[in-house]
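Below you'll find the structure, written out as structure tokens, and then a few comments.
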Amino acid sequence: MSSASPAPSRLTDAIDLADSKHAWHPFTQMKEYQANPRLHLVRGEGSWLIDSDGRRYLDGNASVWTNVHGHNDPDLNAALEKQLHQLAHVTLLGLNHPVATELAEELAGLTNGLLPRCFFTDNGSNAVEVALKLSFQFWQLTGRPEKRGVISMSGAYHGDTFGTMSVGDNRTFHKRFSPWLFPSQMFEAPRHEECAGKIKFSDATQSLQALENILKSQASQTASLILEPRVQGAAGMHQQPAGFIKAVAQLCQQYDVHLILDEVFTGFGRLGSLTACTEEGVAPDFLCLAKGLAAGYLPLAATLTSEKIYEAFQGEFSEGRTFFHGHTFSGNPLGCAVALASLKKLRPMISSGQIAERAQQLGDEIQKNFSDHPNIASYRQYGLTGAVDFKPADTSAKSWTVDMRVGYQIALAARRHGLVIRPLGDSILFVPPISIQSSEVTHLVQAVRRAMDDVIPNL
Ligand SMILES: Cc1ncc(COP(=O)(O)O)c(C=O)c1O
């Protein structure tokens, strides 16, 4: 709930000053950041964040799409504390700790044992890098080194490292680095129309046909195809129809190309189940997990793969089959302990229908607040993801420019209504904690509506 603005405390002034002198925030134009009021978040309680002046904000982007059980959850805190008193960190490079083993075994269960091998890392980009590199090396080790290309889908976002940028859609985020990126092929995502929040897919067939055309001519030189199943988050929560991933998987199998599913965003309750691929009845060759894996508490990621891939890397040391990749904090024990506690809590939330209910409510609230509004171009929801795209009411009038920063202005205004949320261009993305309560879903959507009403008439 928003409260009347108290005067900034001395603590806030001190943090402000130091932040203005020393910080450089990720994905942030610092000139703009310096010119606007800063928010220093000092505490979390459930779905809420509390700033240095005691104001409360609903965490509308789940702390960059990671938060599963809310902040400061007693069960996760207890699991973390228990592990802390045993071992905070040890490397997995040639050594082991039992929490990693236990978690790897749990994660194998996500795909009913089809992907029993677990390679731990520490963030989503690295989980994807590992899948890309494992696939690349597999084909070399099995005598087909010419298979090294990668196919991805328009709108793709797989991270900010060079490998992941190379397979991402080359837009605002990555274009500048294009001379350093390796070439990859891209096929068009299924096109759709949005009508009253419902998605009508006009041509998944066309998208699949475009993919098959690429495969027909290039499969012999292609290692893998990568995509985010069901919902492409960073593209603006763009959806694919049910059955699409299965059709893609069949094509990959037919043309002998590895399928990498990037569930860094879609896993762990975000779309209502533990993974979108099992929901869709698809077993990829690689499954990338991060974000919600450790419930938004700690950086932890995993790349799951099959015994067949794993077997190809076995041999004498001199054969050079070893996968030479690893990060200092890969499979950190604290992260693994929290991930195990999180999975235990998450399963009943899924089976009881709680998440499905909140997802339905999110869709209903978005529809109630944004349908038939002259400033809304489109809106959509799937699972606990959603987006609204704003537009000028009079489309014949001068259109909005990038520097008007409409989405950003609305996100800033939302703070006055007790919400932190992130924009994407002229859109706002809804990504609440998976454990969000019913009254909080209402607050989330209403706060964006109020912020929109504050900002747009004054543009
Ligand atoms: C689908 C997907 N893959 C990979 C990443 C990269 O994850 P990280 O930011 O942890 O490197 C993201 C981040 O948003 C993502 O949404």
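Residue names in the structure tokens use chain letters A, B, ... in the order shown, residue numbers from 1 in each chain, and ligand numbers from 1 in the order shown.
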Hey, what's within 8 Å of range 76-80 of chain A if we count only C-alpha atoms and toss same-chain stuff fewer than 4 positions away? As a compact mmCIF listing (two decimals) with C-alpha atoms, in the first residue's frame, please?
```txt
# COMPACT_ATOMS: atom_id res chain seq x y z
CA ASN A 72 11.97 -13.49 3.62
CA LEU A 84 25.12 -21.93 6.13
CA LEU A 334 23.48 -22.44 -0.25
CA GLY A 335 21.65 -22.08 -3.57
CA ALA A 337 19.70 -26.02 -0.28
CA VAL A 338 17.23 -23.22 -1.01
CA ALA A 341 13.29 -26.32 0.00
CA SER A 342 11.62 -24.29 -2.74
```
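For range 106-175 of chain A, backbone-based DSSP labels the following residues as helix (DSSP H, G or I): Glu106, Leu107, Ala108, Gly109, Leu110, Gly124, Ser125, Asn126, Ala127, Val128, Glu129, Val130, Ala131, Leu132, Lys133, Leu134, Ser135, Phe136, Gln137, Phe138, Trp139, Gln140, Leu141, Phe162, Gly163, Thr164, Met165, Ser166 and Lys175 of chain A.
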Listing only residues of chain A within 9 Å of ligand 1, what is the closest atom pair and its distance in Å (to one decimal) for each, using only C-alpha atoms and all ligand atoms, sorted by chain and residue number ascending, as CSV?
```
residue,atom,partner,partner_atom_place_in_ligand_line,distance
A:Val64,CA,ligand 1,14 (O),7.1
A:Trp65,CA,ligand 1,14 (O),7.3
A:Asp122,CA,ligand 1,10 (O),7.7
A:Asn123,CA,ligand 1,10 (O),3.9
A:Gly124,CA,ligand 1,7 (O),3.3
A:Ser125,CA,ligand 1,11 (O),3.6
A:Asn126,CA,ligand 1,11 (O),6.4
A:Ala127,CA,ligand 1,4 (C),7.8
A:Val128,CA,ligand 1,4 (C),6.8
A:Ala156,CA,ligand 1,1 (C),7.8
A:Tyr157,CA,ligand 1,2 (C),5.7
A:His158,CA,ligand 1,3 (N),3.7
A:Gly159,CA,ligand 1,6 (C),3.8
A:Asp160,CA,ligand 1,11 (O),6.5
A:Thr161,CA,ligand 1,11 (O),7.8
A:Thr164,CA,ligand 1,4 (C),7.9
A:Leu227,CA,ligand 1,1 (C),8.1
A:Glu228,CA,ligand 1,1 (C),5.7
A:Pro229,CA,ligand 1,1 (C),8.8
A:Val231,CA,ligand 1,1 (C),8.8
A:Gln232,CA,ligand 1,1 (C),6.7
A:Gly233,CA,ligand 1,16 (O),5.7
A:Ala234,CA,ligand 1,16 (O),5.9
A:Asp262,CA,ligand 1,1 (C),5.6
A:Glu263,CA,ligand 1,1 (C),6.0
A:Val264,CA,ligand 1,2 (C),4.9
A:Phe265,CA,ligand 1,16 (O),4.8
A:Thr266,CA,ligand 1,1 (C),7.3
A:Cys288,CA,ligand 1,3 (N),8.0
A:Leu289,CA,ligand 1,3 (N),8.4
A:Ala290,CA,ligand 1,10 (O),6.4
A:Lys291,CA,ligand 1,10 (O),6.1
A:Pro299,CA,ligand 1,10 (O),7.6
A:Leu300,CA,ligand 1,10 (O),8.5
A:Ala301,CA,ligand 1,10 (O),7.9
```
Output of the above residues as a short mmCIF file (atom, residue, chain, number, x, y, z; two decimals), in the first residue's frame, restricted to N, CA and C atoms:
```cif
data_model
loop_
_atom_site.label_atom_id
_atom_site.label_comp_id
_atom_site.auth_asym_id
_atom_site.auth_seq_id
_atom_site.Cartn_x
_atom_site.Cartn_y
_atom_site.Cartn_z
N VAL A 64 13.19 -9.36 -10.98
CA VAL A 64 13.61 -9.87 -12.30
C VAL A 64 13.27 -11.35 -12.48
N TRP A 65 11.96 -11.63 -12.26
CA TRP A 65 11.36 -12.89 -12.67
C TRP A 65 11.88 -14.09 -11.89
N ASP A 122 25.59 -20.78 -12.57
CA ASP A 122 25.14 -19.78 -11.60
C ASP A 122 24.24 -18.68 -12.16
N ASN A 123 23.89 -18.73 -13.44
CA ASN A 123 22.88 -17.78 -13.96
C ASN A 123 22.33 -18.29 -15.28
N GLY A 124 21.27 -17.64 -15.75
CA GLY A 124 20.57 -18.13 -16.93
C GLY A 124 21.43 -18.11 -18.18
N SER A 125 22.20 -17.04 -18.37
CA SER A 125 23.05 -16.95 -19.57
C SER A 125 24.02 -18.13 -19.58
N ASN A 126 24.59 -18.43 -18.43
CA ASN A 126 25.56 -19.53 -18.38
C ASN A 126 24.89 -20.89 -18.60
N ALA A 127 23.66 -21.04 -18.13
CA ALA A 127 22.95 -22.31 -18.37
C ALA A 127 22.78 -22.52 -19.88
N VAL A 128 22.52 -21.42 -20.60
CA VAL A 128 22.34 -21.51 -22.06
C VAL A 128 23.69 -21.72 -22.75
N ALA A 156 13.74 -13.97 -29.74
CA ALA A 156 14.46 -14.73 -28.71
C ALA A 156 15.33 -13.85 -27.82
N TYR A 157 15.34 -14.19 -26.55
CA TYR A 157 16.32 -13.61 -25.60
C TYR A 157 16.83 -14.75 -24.74
N HIS A 158 18.16 -14.94 -24.78
CA HIS A 158 18.73 -16.04 -24.00
C HIS A 158 19.84 -15.57 -23.08
N GLY A 159 20.07 -14.26 -22.97
CA GLY A 159 21.09 -13.77 -22.06
C GLY A 159 21.97 -12.73 -22.72
N ASP A 160 22.98 -12.29 -21.97
CA ASP A 160 23.81 -11.17 -22.42
C ASP A 160 25.28 -11.53 -22.65
N THR A 161 25.64 -12.80 -22.55
CA THR A 161 27.01 -13.19 -22.87
C THR A 161 27.11 -13.30 -24.40
N THR A 164 25.12 -16.26 -25.99
CA THR A 164 23.67 -16.12 -25.89
C THR A 164 23.17 -14.92 -26.71
N LEU A 227 14.98 -22.51 -28.14
CA LEU A 227 13.87 -21.56 -27.94
C LEU A 227 13.30 -21.59 -26.52
N GLU A 228 12.58 -20.50 -26.24
CA GLU A 228 11.89 -20.36 -24.95
C GLU A 228 10.48 -20.92 -25.16
N PRO A 229 10.13 -22.02 -24.51
CA PRO A 229 8.84 -22.63 -24.78
C PRO A 229 7.64 -21.86 -24.22
N VAL A 231 6.19 -19.08 -23.77
CA VAL A 231 6.17 -17.62 -23.61
C VAL A 231 7.59 -17.09 -23.75
N GLN A 232 7.75 -16.13 -24.65
CA GLN A 232 9.04 -15.43 -24.76
C GLN A 232 8.94 -14.18 -23.90
N GLY A 233 9.60 -14.22 -22.74
CA GLY A 233 9.45 -13.14 -21.77
C GLY A 233 9.95 -11.80 -22.26
N ALA A 234 11.24 -11.74 -22.59
CA ALA A 234 11.84 -10.44 -22.92
C ALA A 234 11.33 -9.88 -24.24
N ASP A 262 15.03 -23.32 -23.38
CA ASP A 262 15.47 -22.34 -22.38
C ASP A 262 14.28 -22.04 -21.48
N GLU A 263 14.25 -22.71 -20.32
CA GLU A 263 13.16 -22.49 -19.36
C GLU A 263 13.66 -21.67 -18.17
N VAL A 264 14.65 -20.85 -18.44
CA VAL A 264 15.17 -19.96 -17.40
C VAL A 264 14.03 -19.11 -16.83
N PHE A 265 13.14 -18.65 -17.71
CA PHE A 265 12.01 -17.83 -17.27
C PHE A 265 10.76 -18.66 -17.00
N THR A 266 10.49 -19.66 -17.86
CA THR A 266 9.18 -20.32 -17.81
C THR A 266 9.07 -21.42 -16.76
N CYS A 288 17.43 -25.76 -19.93
CA CYS A 288 18.17 -24.74 -19.17
C CYS A 288 17.26 -24.15 -18.09
N LEU A 289 17.76 -24.16 -16.86
CA LEU A 289 16.98 -23.67 -15.71
C LEU A 289 17.80 -22.66 -14.92
N ALA A 290 17.15 -21.62 -14.43
CA ALA A 290 17.82 -20.66 -13.55
C ALA A 290 16.74 -19.89 -12.79
N LYS A 291 16.83 -18.58 -12.72
CA LYS A 291 15.85 -17.69 -12.07
C LYS A 291 15.12 -18.33 -10.88
N PRO A 299 21.96 -16.91 -6.79
CA PRO A 299 22.21 -17.24 -8.19
C PRO A 299 22.56 -18.71 -8.35
N LEU A 300 21.69 -19.43 -9.06
CA LEU A 300 21.92 -20.85 -9.29
C LEU A 300 21.29 -21.22 -10.63
N ALA A 301 21.96 -22.04 -11.40
CA ALA A 301 21.41 -22.46 -12.69
C ALA A 301 21.82 -23.89 -12.96
#
```
Margin query: Give me, as an MDAnalysis selection string, all polymer residues having an atom no more than 12 Å from Arg415 in chain A, counting only C-alpha atoms and skipping those fewer than 5 positions away in the same chain.
Written below: chainID A and resid 1:5 37:39 49:51 55:60 408:410 420:422 444 447:448 450:452 454
Expected file: the selected residues, C-alpha atoms, as a JSON list (two decimals), in the first residue's frame:
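Output file selection-v4.json follows:
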```
[["chain", "number", "residue", "atom", "x", "y", "z"],
["A", 1, "MET", "CA", 0.00, 0.00, 0.00],
["A", 2, "SER", "CA", 1.31, 3.45, -0.78],
["A", 3, "SER", "CA", 1.65, 5.84, 2.10],
["A", 4, "ALA", "CA", 1.91, 9.64, 2.13],
["A", 5, "SER", "CA", 5.45, 10.67, 1.25],
["A", 37, "PRO", "CA", 14.16, 9.70, -7.44],
["A", 38, "ARG", "CA", 16.02, 6.51, -6.45],
["A", 39, "LEU", "CA", 14.54, 3.62, -4.62],
["A", 49, "LEU", "CA", 9.54, -4.73, -0.78],
["A", 50, "ILE", "CA", 10.19, -2.01, 1.78],
["A", 51, "ASP", "CA", 12.35, 1.03, 1.06],
["A", 55, "ARG", "CA", 7.32, 2.62, 2.16],
["A", 56, "ARG", "CA", 5.92, -0.67, 0.84],
["A", 57, "TYR", "CA", 5.81, -1.75, -2.79],
["A", 58, "LEU", "CA", 4.42, -4.92, -4.33],
["A", 59, "ASP", "CA", 7.22, -6.67, -6.22],
["A", 60, "GLY", "CA", 5.57, -6.61, -9.65],
["A", 408, "TYR", "CA", 9.27, 3.96, -18.01],
["A", 409, "GLN", "CA", 7.16, 6.97, -16.89],
["A", 410, "ILE", "CA", 4.29, 4.64, -16.04],
["A", 420, "VAL", "CA", 7.66, -1.68, -8.46],
["A", 421, "ILE", "CA", 7.41, -2.97, -11.99],
["A", 422, "ARG", "CA", 9.50, -2.91, -15.16],
["A", 444, "LEU", "CA", -0.78, -5.17, -9.01],
["A", 447, "ALA", "CA", -1.66, 0.19, -9.60],
["A", 448, "VAL", "CA", -0.59, -0.02, -13.25],
["A", 450, "ARG", "CA", -3.70, 4.24, -11.91],
["A", 451, "ALA", "CA", -0.16, 4.96, -13.06],
["A", 452, "MET", "CA", -1.31, 4.93, -16.67],
["A", 454, "ASP", "CA", -1.55, 9.66, -14.09]]
```
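One finds CA of Glu279 in chain A at 18.7 Å from CA of Cys252 in chain A.
Among the candidates A:Val445, A:Leu110, A:Leu259, A:Ala189, the one nearest to Asp203 in chain A when counting only C-alpha atoms is A:Ala189.
In this structure, CA of Asn375 in chain A sits 20.4 Å away from CA of Thr442 in chain A.
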Next item on the list: Fewer than 3 positions away in the same chain doesn't count, so skip those; otherwise give me all residues within 8 Å of Gly269 in chain A, counting only C-alpha atoms, as a PyMOL selection string.
Entry: chain A and resi 68+266+272-275+346+350+355+434
Can I get the selected residues back with N, CA and C atoms, as a compact mmCIF listing (two decimals), in the first residue's frame?
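Result went into out_36.txt, see below:
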```txt
# COMPACT_ATOMS: atom_id res chain seq x y z
N VAL A 68 9.76 -16.87 -6.09
CA VAL A 68 8.75 -17.93 -6.11
C VAL A 68 7.86 -17.89 -4.86
N THR A 266 10.49 -19.66 -17.86
CA THR A 266 9.18 -20.32 -17.81
C THR A 266 9.07 -21.42 -16.76
N GLY A 272 2.54 -22.14 -14.49
CA GLY A 272 1.56 -22.99 -13.81
C GLY A 272 2.06 -24.40 -13.52
N SER A 273 3.20 -24.79 -14.08
CA SER A 273 3.74 -26.13 -13.80
C SER A 273 5.24 -26.00 -13.53
N LEU A 274 5.89 -27.12 -13.21
CA LEU A 274 7.32 -27.02 -12.91
C LEU A 274 8.13 -26.68 -14.16
N THR A 275 7.76 -27.29 -15.30
CA THR A 275 8.40 -26.92 -16.57
C THR A 275 7.34 -26.93 -17.67
N LEU A 346 6.77 -25.75 -3.58
CA LEU A 346 6.12 -25.38 -4.83
C LEU A 346 5.16 -26.46 -5.33
N ILE A 350 1.23 -26.03 -6.88
CA ILE A 350 0.80 -26.36 -8.25
C ILE A 350 -0.39 -27.33 -8.19
N ILE A 355 -1.88 -21.79 -8.08
CA ILE A 355 -1.21 -20.95 -9.09
C ILE A 355 -2.15 -20.73 -10.28
N ILE A 434 5.45 -16.05 -7.59
CA ILE A 434 4.52 -17.17 -7.83
C ILE A 434 3.53 -17.31 -6.67
```
If we count only C-alpha atoms, what is near Arg449 in chain A at a cut-off of 8 Å, once residues fewer than 4 positions away on the same chain are taken out, given as an mmCIF file with N, CA and C atoms, in the first residue's frame?
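Written out: selection.cif:
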```cif
data_model
loop_
_atom_site.group_PDB
_atom_site.id
_atom_site.type_symbol
_atom_site.label_atom_id
_atom_site.label_comp_id
_atom_site.auth_asym_id
_atom_site.auth_seq_id
_atom_site.Cartn_x
_atom_site.Cartn_y
_atom_site.Cartn_z
ATOM 1 N N ASN A 369 -9.297 -4.029 -16.321
ATOM 2 C CA ASN A 369 -8.688 -2.700 -16.222
ATOM 3 C C ASN A 369 -8.256 -2.107 -17.550
ATOM 4 N N PHE A 370 -8.060 -2.943 -18.569
ATOM 5 C CA PHE A 370 -7.457 -2.403 -19.794
ATOM 6 C C PHE A 370 -8.244 -2.643 -21.070
ATOM 7 N N VAL A 445 -2.517 -4.994 -10.681
ATOM 8 C CA VAL A 445 -3.069 -4.524 -11.955
ATOM 9 C C VAL A 445 -3.665 -3.122 -11.784
ATOM 10 N N ASP A 453 -3.210 6.219 -15.832
ATOM 11 C CA ASP A 453 -4.117 7.380 -15.801
ATOM 12 C C ASP A 453 -3.387 8.646 -15.353
#
```
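Here CA of Leu429 in chain A is placed at a distance of 5.8 Å from CA of Gly386 in chain A.
Using only C-alpha atoms, the shortest contact distance between Arg176 in chain A and any of A:Glu188, A:Phe162, A:Thr101, A:Val90 is found at A:Phe162.
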Check: For Ala387 in chain A, which residue among A:Gln360, A:Gln239, A:Ser438, A:Asn112 is the nearest when counting only C-alpha atoms?
Finding: A:Gln239
Closest contacts (range 76-158 of chain A/range 248-251 of chain A, max 12 Å, only C-alpha atoms) as JSON lines:
```
{"residue": "A:Ile151", "atom": "CA", "partner": "A:Val248", "partner_atom": "CA", "distance": 11.5}
{"residue": "A:Ser152", "atom": "CA", "partner": "A:Val248", "partner_atom": "CA", "distance": 11.2}
{"residue": "A:Met153", "atom": "CA", "partner": "A:Val248", "partner_atom": "CA", "distance": 10.9}
```
Restricting the output to N, CA and C atoms, write the selected residues as a PDB file, in the first residue's frame.
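Here's the written file out_30.pdb:
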```pdb
ATOM      1  N   ILE A 151      20.023 -22.544 -34.658  1.00  0.00           N
ATOM      2  CA  ILE A 151      18.787 -21.892 -35.129  1.00  0.00           C
ATOM      3  C   ILE A 151      18.051 -21.373 -33.897  1.00  0.00           C
ATOM      4  N   SER A 152      17.531 -20.160 -34.018  1.00  0.00           N
ATOM      5  CA  SER A 152      16.682 -19.663 -32.926  1.00  0.00           C
ATOM      6  C   SER A 152      15.449 -18.990 -33.518  1.00  0.00           C
ATOM      7  N   MET A 153      14.587 -18.484 -32.653  1.00  0.00           N
ATOM      8  CA  MET A 153      13.303 -17.956 -33.131  1.00  0.00           C
ATOM      9  C   MET A 153      13.252 -16.446 -32.959  1.00  0.00           C
TER      10      MET A 153
END
```
Next item on the list: Can you check which residues of range 72-294 of chain A DSSP gives as strand (DSSP E) on the backbone and send them as a PyMOL selection string?
Entry: chain A and resi 117-121+149-153+185-187+192-195+198-201+222-227+231-232+238-239+258-262+286-289
Expected file contents, prior selection, C-alpha atoms, as a PDB file, in the first residue's frame:
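Okay, this is what ended up in out.pdb:
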```
ATOM      1  CA  ARG A 117      22.574 -35.438 -16.165  1.00  0.00           C
ATOM      2  CA  CYS A 118      22.803 -32.080 -14.439  1.00  0.00           C
ATOM      3  CA  PHE A 119      25.513 -29.489 -15.099  1.00  0.00           C
ATOM      4  CA  PHE A 120      25.285 -26.682 -12.535  1.00  0.00           C
ATOM      5  CA  THR A 121      26.211 -23.055 -13.176  1.00  0.00           C
ATOM      6  CA  GLY A 149      25.206 -23.846 -36.569  1.00  0.00           C
ATOM      7  CA  VAL A 150      22.388 -22.736 -34.266  1.00  0.00           C
ATOM      8  CA  ILE A 151      18.787 -21.892 -35.129  1.00  0.00           C
ATOM      9  CA  SER A 152      16.682 -19.663 -32.926  1.00  0.00           C
ATOM     10  CA  MET A 153      13.303 -17.956 -33.131  1.00  0.00           C
ATOM     11  CA  GLN A 185      19.744 -18.656 -38.325  1.00  0.00           C
ATOM     12  CA  MET A 186      16.413 -17.314 -37.184  1.00  0.00           C
ATOM     13  CA  PHE A 187      12.899 -18.436 -38.077  1.00  0.00           C
ATOM     14  CA  HIS A 192      -0.928 -14.040 -33.708  1.00  0.00           C
ATOM     15  CA  GLU A 193      -3.675 -11.528 -33.229  1.00  0.00           C
ATOM     16  CA  GLU A 194      -4.736 -10.370 -29.799  1.00  0.00           C
ATOM     17  CA  CYS A 195      -8.406  -9.859 -29.195  1.00  0.00           C
ATOM     18  CA  LYS A 198      -7.201 -13.861 -26.070  1.00  0.00           C
ATOM     19  CA  ILE A 199      -4.543 -14.900 -28.534  1.00  0.00           C
ATOM     20  CA  LYS A 200      -5.616 -16.143 -31.959  1.00  0.00           C
ATOM     21  CA  PHE A 201      -2.762 -17.863 -33.777  1.00  0.00           C
ATOM     22  CA  THR A 222      23.313 -27.360 -37.654  1.00  0.00           C
ATOM     23  CA  ALA A 223      24.080 -28.420 -34.098  1.00  0.00           C
ATOM     24  CA  SER A 224      21.034 -27.159 -32.248  1.00  0.00           C
ATOM     25  CA  LEU A 225      17.831 -25.203 -32.183  1.00  0.00           C
ATOM     26  CA  ILE A 226      17.089 -23.093 -29.121  1.00  0.00           C
ATOM     27  CA  LEU A 227      13.869 -21.564 -27.939  1.00  0.00           C
ATOM     28  CA  VAL A 231       6.166 -17.621 -23.611  1.00  0.00           C
ATOM     29  CA  GLN A 232       9.037 -15.428 -24.763  1.00  0.00           C
ATOM     30  CA  HIS A 238       4.702 -13.258 -26.541  1.00  0.00           C
ATOM     31  CA  GLN A 239       3.032 -16.630 -26.595  1.00  0.00           C
ATOM     32  CA  HIS A 258      19.478 -30.953 -30.844  1.00  0.00           C
ATOM     33  CA  LEU A 259      16.595 -29.145 -29.185  1.00  0.00           C
ATOM     34  CA  ILE A 260      17.613 -26.743 -26.403  1.00  0.00           C
ATOM     35  CA  LEU A 261      14.696 -25.465 -24.343  1.00  0.00           C
ATOM     36  CA  ASP A 262      15.468 -22.341 -22.377  1.00  0.00           C
ATOM     37  CA  PHE A 286      19.008 -29.826 -23.177  1.00  0.00           C
ATOM     38  CA  LEU A 287      16.871 -28.033 -20.607  1.00  0.00           C
ATOM     39  CA  CYS A 288      18.172 -24.738 -19.173  1.00  0.00           C
ATOM     40  CA  LEU A 289      16.980 -23.673 -15.715  1.00  0.00           C
TER      41      LEU A 289
END
```
